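Text of my_file-v4.tsv, listed as TSV, C-alpha atoms:
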chain	number	residue	atom	x	y	z
A	11	MET	CA	-35.83	-2.93	25.74
A	12	SER	CA	-33.85	-4.87	28.31
A	13	VAL	CA	-30.34	-6.24	27.99
A	14	ILE	CA	-28.87	-8.75	30.39
A	15	ALA	CA	-25.29	-10.02	30.14
A	16	LEU	CA	-24.02	-12.26	32.90
A	17	LEU	CA	-20.80	-14.07	33.65
A	18	GLU	CA	-21.29	-17.20	35.74
A	19	ALA	CA	-18.61	-19.09	37.60
A	20	ASP	CA	-20.34	-22.33	38.45
A	21	VAL	CA	-23.75	-23.00	37.06
A	22	LEU	CA	-25.59	-22.14	33.88
A	23	ASP	CA	-29.13	-23.47	33.75
A	24	PRO	CA	-30.51	-22.80	30.26
A	25	GLN	CA	-34.02	-23.86	31.25
A	26	LEU	CA	-34.05	-21.30	34.03
A	27	GLU	CA	-32.65	-18.60	31.76
A	28	LEU	CA	-35.28	-19.35	29.13
A	29	ALA	CA	-38.03	-19.36	31.72
A	30	GLU	CA	-36.96	-15.96	33.02
A	31	LEU	CA	-36.75	-14.56	29.51
A	32	THR	CA	-40.15	-15.98	28.63
A	33	GLU	CA	-41.63	-14.34	31.69
A	34	ALA	CA	-40.00	-11.02	30.83
A	35	ALA	CA	-41.10	-11.22	27.21
A	36	ARG	CA	-44.82	-11.44	27.85
A	37	GLY	CA	-46.51	-9.60	25.02
A	38	ASP	CA	-43.84	-10.48	22.48
A	39	GLY	CA	-44.41	-12.97	19.68
A	40	ALA	CA	-41.06	-14.72	19.44
A	41	ILE	CA	-38.12	-15.93	21.47
A	42	VAL	CA	-35.05	-17.49	19.86
A	43	SER	CA	-32.46	-19.05	22.13
A	44	PHE	CA	-29.14	-20.79	21.61
A	45	ILE	CA	-27.29	-23.05	24.02
A	46	GLY	CA	-23.62	-23.75	23.44
A	47	LEU	CA	-22.28	-26.95	24.99
A	48	ALA	CA	-18.76	-28.08	25.80
A	49	ARG	CA	-17.98	-30.65	23.12
A	50	PRO	CA	-16.77	-34.07	24.25
A	51	GLU	CA	-14.44	-34.40	21.28
A	52	SER	CA	-11.80	-32.14	19.78
A	53	LYS	CA	-11.60	-31.32	16.08
A	54	ARG	CA	-8.86	-33.95	15.82
A	55	GLY	CA	-11.10	-36.58	17.34
A	56	ASP	CA	-9.50	-36.75	20.78
A	57	GLY	CA	-11.71	-37.13	23.82
A	58	VAL	CA	-12.24	-33.92	25.76
A	59	ASP	CA	-13.00	-33.98	29.48
A	60	ALA	CA	-13.59	-30.28	29.93
A	61	VAL	CA	-13.23	-26.86	28.39
A	62	VAL	CA	-11.41	-24.34	30.54
A	63	LEU	CA	-12.30	-20.70	29.97
A	64	GLU	CA	-9.87	-18.21	31.38
A	65	HIS	CA	-11.32	-14.73	31.72
A	66	HIS	CA	-10.28	-11.18	32.55
A	67	PRO	CA	-11.70	-9.78	35.80
A	68	THR	CA	-13.36	-6.81	34.10
A	69	LEU	CA	-12.91	-6.92	30.33
A	70	THR	CA	-14.68	-10.24	29.86
A	71	ARG	CA	-17.93	-9.05	31.38
A	72	GLN	CA	-17.56	-5.78	29.50
A	73	SER	CA	-17.21	-7.63	26.21
A	74	LEU	CA	-20.40	-9.57	26.88
A	75	GLU	CA	-22.24	-6.36	27.71
A	76	ASP	CA	-20.92	-4.56	24.64
A	77	ILE	CA	-22.06	-7.35	22.34
A	78	ALA	CA	-25.48	-7.66	23.98
A	79	VAL	CA	-26.08	-3.90	23.91
A	80	ALA	CA	-25.02	-3.67	20.26
A	81	CYS	CA	-27.44	-6.48	19.48
A	82	GLY	CA	-30.29	-4.64	21.17
A	83	GLN	CA	-29.51	-1.49	19.24
A	84	ARG	CA	-29.20	-3.23	15.89
A	85	PHE	CA	-32.32	-5.39	15.86
A	86	ASP	CA	-35.95	-4.76	16.61
A	87	VAL	CA	-35.94	-6.83	19.78
A	88	SER	CA	-37.43	-6.27	23.20
A	89	HIS	CA	-35.04	-8.41	25.26
A	90	VAL	CA	-31.48	-9.65	24.86
A	91	ARG	CA	-30.04	-12.16	27.31
A	92	VAL	CA	-26.51	-13.54	27.35
A	93	VAL	CA	-25.18	-15.79	30.11
A	94	HIS	CA	-21.67	-17.19	29.80
A	95	ARG	CA	-19.71	-19.61	31.97
A	96	TYR	CA	-16.08	-19.25	32.84
A	97	GLY	CA	-13.71	-21.63	34.58
A	98	THR	CA	-13.82	-25.37	34.03
A	99	VAL	CA	-16.87	-26.62	32.13
A	100	PRO	CA	-17.15	-30.42	31.93
A	101	ALA	CA	-17.91	-31.88	28.49
A	102	GLY	CA	-21.60	-31.87	27.75
A	103	GLU	CA	-22.42	-28.96	30.04
A	104	PRO	CA	-23.68	-25.58	28.82
A	105	ILE	CA	-21.09	-22.87	28.19
A	106	VAL	CA	-23.31	-20.13	26.86
A	107	PHE	CA	-26.96	-19.14	26.64
A	108	ALA	CA	-27.80	-16.44	24.12
A	109	ALA	CA	-31.34	-15.38	23.36
A	110	ALA	CA	-33.53	-12.57	22.11
A	111	ALA	CA	-37.22	-11.80	22.15
A	112	SER	CA	-39.18	-9.73	19.67
A	113	ILE	CA	-42.65	-9.08	18.38
A	114	HIS	CA	-41.96	-10.92	15.11
A	115	ARG	CA	-39.68	-13.92	14.66
A	116	ARG	CA	-37.17	-12.61	12.12
A	117	ALA	CA	-35.63	-10.05	14.45
A	118	ALA	CA	-35.20	-12.62	17.20
A	119	PHE	CA	-33.57	-15.14	14.82
A	120	ASP	CA	-31.19	-12.53	13.47
A	121	ALA	CA	-30.37	-11.20	16.92
A	122	ALA	CA	-29.48	-14.63	18.31
A	123	ASP	CA	-27.37	-15.37	15.23
A	124	TYR	CA	-25.56	-12.05	15.62
A	125	LEU	CA	-24.97	-12.61	19.31
A	126	MET	CA	-23.27	-15.93	18.77
A	127	ASP	CA	-21.20	-14.81	15.79
A	128	ARG	CA	-19.78	-11.96	17.84
A	129	LEU	CA	-19.39	-13.97	21.04
A	130	LYS	CA	-17.49	-16.71	19.20
A	131	THR	CA	-14.87	-14.27	17.95
A	132	GLU	CA	-14.83	-11.31	20.32
A	133	ALA	CA	-15.79	-12.37	23.83
A	134	VAL	CA	-12.72	-11.99	26.02
A	135	PHE	CA	-11.95	-15.58	26.92
A	136	TRP	CA	-8.95	-17.80	26.45
A	137	LYS	CA	-10.17	-21.35	26.00
A	138	ARG	CA	-8.45	-24.66	26.12
A	139	GLU	CA	-9.64	-28.20	25.84
A	140	VAL	CA	-8.39	-30.66	28.42
A	141	GLY	CA	-8.58	-34.37	27.75
A	142	GLU	CA	-6.79	-37.50	26.66
A	143	ALA	CA	-4.44	-35.55	24.38
A	144	GLY	CA	-3.49	-33.13	27.15
A	145	SER	CA	-4.35	-29.45	27.04
A	146	SER	CA	-4.66	-27.39	23.87
A	147	TRP	CA	-5.69	-23.81	23.28
A	148	ILE	CA	-8.65	-23.10	21.02
A	149	GLU	CA	-8.81	-20.21	18.58
A	150	PRO	CA	-11.72	-18.97	16.49
A	151	THR	CA	-11.79	-20.75	13.12
A	152	ASP	CA	-11.81	-19.13	9.69
A	153	ALA	CA	-15.49	-20.04	9.52
A	154	ASP	CA	-16.08	-18.22	12.82
A	155	HIS	CA	-14.42	-15.10	11.45
A	156	ALA	CA	-16.36	-15.37	8.17
A	157	ASP	CA	-19.60	-15.65	10.14
A	158	ARG	CA	-18.66	-12.57	12.12
A	159	GLU	CA	-17.90	-10.61	8.96
A	160	ARG	CA	-21.46	-11.10	7.71
A	161	TRP	CA	-22.53	-8.42	10.14
A	162	GLY	CA	-20.03	-5.82	9.01
B	30	MET	CA	3.66	-15.47	43.43
B	31	ALA	CA	5.18	-13.10	40.95
B	32	LYS	CA	8.34	-14.23	39.26
B	33	ALA	CA	11.09	-11.68	38.91
B	34	VAL	CA	12.63	-11.37	35.47
B	35	ASP	CA	16.11	-9.97	35.62
B	36	LEU	CA	17.13	-8.78	32.21
B	37	GLU	CA	19.89	-6.76	30.77
B	38	PRO	CA	18.24	-3.59	29.51
B	39	PRO	CA	18.77	-2.53	25.90
B	40	ARG	CA	22.08	-0.76	25.54
B	41	ARG	CA	20.54	2.63	24.87
B	42	GLU	CA	18.81	2.44	28.24
B	43	THR	CA	21.88	1.47	30.19
B	44	ASN	CA	22.68	4.07	32.79
B	45	ALA	CA	20.31	6.43	31.01
B	46	ALA	CA	17.30	6.17	33.27
B	47	LYS	CA	16.35	5.02	36.70
B	48	GLU	CA	14.95	1.50	36.80
B	49	VAL	CA	11.53	0.94	38.28
B	50	GLY	CA	9.71	-2.26	39.20
B	51	LEU	CA	6.55	-3.03	37.27
B	52	ARG	CA	3.95	-5.68	37.88
B	53	ILE	CA	2.83	-7.42	34.71
B	54	LEU	CA	-0.08	-9.83	34.39
B	55	LEU	CA	-0.42	-12.27	31.52
B	56	TYR	CA	-3.29	-14.37	30.22
B	57	GLY	CA	-3.94	-17.43	28.11
B	58	ARG	CA	-1.04	-18.67	25.99
B	59	LEU	CA	1.10	-15.85	27.29
B	60	ALA	CA	0.74	-17.07	30.85
B	61	ASP	CA	1.75	-20.52	29.65
B	62	ALA	CA	4.76	-19.25	27.76
B	63	ILE	CA	6.02	-16.72	30.28
B	64	ASP	CA	4.21	-16.72	33.60
B	65	ARG	CA	0.91	-15.48	34.96
B	66	GLU	CA	2.51	-12.65	36.87
B	67	VAL	CA	5.92	-11.11	36.36
B	68	GLU	CA	7.83	-8.37	38.10
B	69	LEU	CA	9.96	-6.56	35.60
B	70	ASP	CA	12.58	-3.92	36.21
B	71	ALA	CA	12.28	-1.43	33.42
B	72	ALA	CA	13.73	1.95	32.68
B	73	GLU	CA	11.57	4.81	33.83
B	74	GLY	CA	9.67	6.11	30.83
B	75	SER	CA	9.50	2.74	29.11
B	76	SER	CA	6.76	2.31	26.55
B	77	ILE	CA	4.50	-0.70	26.15
B	78	ALA	CA	6.58	-1.72	23.13
B	79	ASN	CA	9.76	-1.58	25.25
B	80	LEU	CA	8.19	-3.75	27.93
B	81	TRP	CA	6.92	-6.33	25.48
B	82	ASN	CA	10.28	-6.51	23.74
B	83	ARG	CA	12.01	-7.15	27.01
B	84	LEU	CA	9.51	-9.74	28.13
B	85	SER	CA	9.53	-11.62	24.85
B	86	THR	CA	13.30	-11.48	24.77
B	87	SER	CA	13.31	-13.26	28.10
B	88	ARG	CA	11.28	-16.11	26.58
B	89	PRO	CA	12.28	-16.53	22.93
B	90	SER	CA	9.74	-19.32	22.45
B	91	ALA	CA	7.00	-16.89	23.39
B	92	ALA	CA	8.17	-14.34	20.88
B	93	THR	CA	8.30	-16.96	18.13
B	94	HIS	CA	4.82	-18.24	18.62
B	95	LEU	CA	2.88	-15.21	19.71
B	96	GLN	CA	1.61	-12.16	17.97
B	97	ARG	CA	2.29	-8.93	19.78
B	98	PRO	CA	-0.42	-8.91	22.43
B	99	ARG	CA	-2.79	-6.13	23.31
B	100	ALA	CA	-1.81	-4.17	26.39
B	101	VAL	CA	-4.22	-3.08	29.09
B	102	ILE	CA	-3.70	-0.57	31.87
B	103	GLY	CA	-6.51	0.18	34.29
B	104	ASP	CA	-8.97	-1.89	32.23
B	105	ARG	CA	-8.28	0.24	29.17
B	106	LEU	CA	-6.49	-0.83	26.01
B	107	VAL	CA	-3.35	1.20	25.37
B	108	GLY	CA	-1.11	1.44	22.35
B	109	ASP	CA	2.52	0.49	21.88
B	110	GLU	CA	3.66	4.06	22.46
B	111	HIS	CA	1.95	4.43	25.82
B	112	VAL	CA	4.52	5.31	28.46
B	113	VAL	CA	4.08	3.32	31.62
B	114	VAL	CA	3.96	5.29	34.84
B	115	VAL	CA	4.76	3.52	38.08
B	116	PRO	CA	2.83	2.03	39.84
B	117	GLU	CA	0.66	1.18	36.84
B	118	ARG	CA	-0.09	-2.48	36.46
B	119	VAL	CA	0.32	-3.67	32.91
B	120	GLU	CA	-1.64	-6.58	31.47
B	121	PHE	CA	-0.75	-8.30	28.21
B	122	LEU	CA	-3.64	-10.06	26.47
B	123	PRO	CA	-3.06	-12.56	23.67
B	124	PRO	CA	-5.69	-12.86	20.92
B	125	VAL	CA	-8.96	-14.00	22.47
B	126	SER	CA	-10.51	-17.38	21.87
B	127	GLY	CA	-14.06	-16.05	21.91
B	128	GLY	CA	-16.86	-17.72	23.78
Just give me the structure as structure tokens.
Amino acid sequence: MSVIALLEADVLDPQLELAELTEAARGDGAIVSFIGLARPESKRGDGVDAVVLEHHPTLTRQSLEDIAVACGQRFDVSHVRVVHRYGTVPAGEPIVFAAAASIHRRAAFDAADYLMDRLKTEAVFWKREVGEAGSSWIEPTDADHADRERWG
Amino acid sequence: MAKAVDLEPPRRETNAAKEVGLRILLYGRLADAIDREVELDAAEGSSIANLWNRLSTSRPSAATHLQRPRAVIGDRLVGDEHVVVVPERVEFLPPVSGG
């Protein structure tokens, strides 16, 4: 079983990540991937130019690794891959790629779901949206926390 | 550039202990409310709770709007009772946003 967790400053190419995972997962029967994009609109309907993700020099990467490793231990998957941007991500661009490969589809679906529920609430980032309404910090929502709680 | 915060120490600390300079790093909302980097003179033997109380006292708006943050020393979370030893660098982390 392989686990990859990367923190990227500038570029996240989901197609490349998926291609590398597909190559690594030869012999498996399923790959489930998720791409999170910087939304162009805030919850209040204001235009957003970019999402800025502040990170910690060591704890952010560690949090990604911890979540990815836990995912690999919990589900019957052969590969787990998490790639996360930090810094300024223009609206519409990918922020996160989270994927898992397995012999049968259910484990890969569950693993990808788990990855994102934990990343959305526990990854060590401080995010703010920057746009026409200025700059505003973003916190996990009640729904994000409820999603996380599904996994115990 | 670190910003020096010159504060009156709590009365019980006055003249009771030597003051030492600590470097404190802040993230997210905390950096907005206080500063990204602060040099704080604190009594030798100060705990994390002491440091946070002094910092938040220096910026009442921060104390009003922020939960007590997690403290990190040497990339390890430490509790409120942890006694800071110079030249440890202390980091205060507000609740994370997630990815």
Next item on the list: Using all atoms listed in the file, find all polymer residues with an atom at most 12 Å away from the point (-35.2, -12.9, 12.7); report them as a list in words.
Entry: Gly39, Ala40, Ile41, Val42, Ser43, Arg84, Phe85, Asp86, Val87, Ala109, Ala110, Ala111, Ser112, Ile113, His114, Arg115, Arg116, Ala117, Ala118, Phe119, Asp120, Ala121, Ala122, Asp123 and Tyr124 of chain A
Please report as a Markdown table every residue of chain B lying within 6 Å of chain A, along with the nearest atom pair and their distance in Å (one decimal), using all atoms listed in the file.
| residue | atom | partner | partner_atom | distance |
| --- | --- | --- | --- | --- |
| B:Gly57 | CA | A:Trp136 | CA | 5.3 |
| B:Val125 | CA | A:Trp136 | CA | 5.5 |
| B:Ser126 | CA | A:Glu149 | CA | 4.7 |
| B:Gly127 | CA | A:Thr131 | CA | 4.4 |
| B:Gly128 | CA | A:Lys130 | CA | 4.7 |
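The gap separating CA of Ala60 (chain A) from CA of Val99 (chain A) is 5.4 Å, in Å to one decimal.
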Note to self: Between CA of Ile102 (chain B) and CA of Glu120 (chain B), what distance in Å does the model show, to one decimal?
What the structure shows: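 So the two atoms, CA of Ile102 (chain B) and CA of Glu120 (chain B), lie 6.4 Å apart.
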Margin query: Report as a list in words all protein, DNA and RNA residues lying within 9 Å of Asp56 (chain A), evaluated on only C-alpha atoms, omitting residues in the same chain fewer than 4 positions from it.
Written below: Pro50, Glu51, Ser52, Gly141, Glu142 and Ala143 of chain A
Checklist line | Pairwise distance for CA of Cys81 (chain A) and CA of Leu22 (chain A), rounded to one decimal in Å | finding: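 A separation of 21.4 Å between them.
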